[in-house]
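Participant: After the structure tokens below, expect a handful of questions from me.
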Amino acid sequence: MEIHHLKQFIVISQCGSINSASQKLYISQPSLNNTVKRCELELGFTVFLRTPKGIKLTEKGTQFIESAQKIITEYKKIEDLSSIQNTISSVSFIYLSYILESFLKLQEQGFSFSNILRRTQDSQIINDIISQRARIGILLINQLDINNFINQMKKYNLKFLLLFESIQMYVVVSKNHMFAKRKSISIKETQEFPLTYYTSMPEESIIKNIYNSHISLKVENRDELFLALKSNKYFSLLTLTEESKNPELIYIPIKDDNFKMSIYAISLTTTSFTEKEYEMIEFLKRTIHFL
């Protein structure tokens, strides 16, 4: 049993149910339930009794939680003495400006990262997690691609945590593009026009495959994307925050309800997030505001 297991048991006792605790801890309910069973087997006694109304502590479970709280208190004192208490383990993330800016703001508050890997492709991020080059990966997934994403997570024995759901997508064009005066637009209306996109779009993505690959343009970075858009020929598909808007471009909301994005944090199923990693996740959710 490790220190993070003690913290999980304490949270479960405070929440009164494994389901509520799993949401607070950003761990799936089955995974947390398996952890409890494994730790109880190691302890040799039952900590929680399952009831229709949730869980309750056994007599030994009450004593265990009291001891665990004392251990965590002493452990926190040791953490406070450490010079690396604000260090967050390595993170691999899709290269979007608003995610990078949020990380930079977090560093301004005294946090540091052992490694930050900016990636342009989902496959690179997944490989970083599998090879343990990074503990946490952050991916942007279209709702149309969610089944493929879930299958990948199962295939590579990874778990995922939803950070942002149903993010509005925009068609992005230059001020002189034929779409520029539109107030909203559907995906169907854009299908016959040339798309330009980051290499972050997976090869098997449904988004990519609904457009004509012979007239679409793949670019390597943000500067190349804006250069292509300014030619007045191409459009792109992006999520948007107030800080990421470019005054030289026009952003037209896509009106298809099923054509939205979500952002997930992924990790190995054996990874339990540290307190600082939880703080990082909460910071991202507080500081990134989508339009």
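Labels used: A, B, ... for chains in the order of the structure tokens, numbers from 1 for residues in each chain, and numbers from 1 for ligands as shown.
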Give me the residues within 6 Å of Ile263 of chain A as a ChimeraX atom specification, counting only C-alpha atoms and dropping any in the same chain fewer than 2 places off.

Facilitator: /A:139-140,163-164

Participant: Please extract the residues of segment 116-209 of chain A with a backbone DSSP assignment of strand (DSSP E) and present them as a list in words.

Facilitator: Ile116, Leu117, Arg118, Arg119, Ile136, Gly137, Ile138, Leu139, Leu140, Ile141, Asn142, Leu158, Lys159, Phe160, Leu161, Leu162, Leu163, Phe164, Glu165, Ser166, Ile167, Tyr170, Val171, Val172, Val173, Ser174, Thr196, Tyr197 and Tyr198 of chain A

Participant: Can you tell me, as a list in words, what residues are no more than 8 Å from Phe283 of chain A when counting only C-alpha atoms, ignoring any on the same chain fewer than 3 positions away?

Facilitator: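 Within the cut-off, the hits are Ser102, Leu106, Glu279, Met280, Arg286 and Thr287 of chain A.
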
Participant: Tell me, as an MDAnalysis selection string, which residues lie within 10 Å of segment 245-255 of chain A, counting only C-alpha atoms; anything in the same chain fewer than 2 positions away does not count.

Facilitator: chainID A and resid 168:177 179:187 226 229:230 235:243 257:260 291
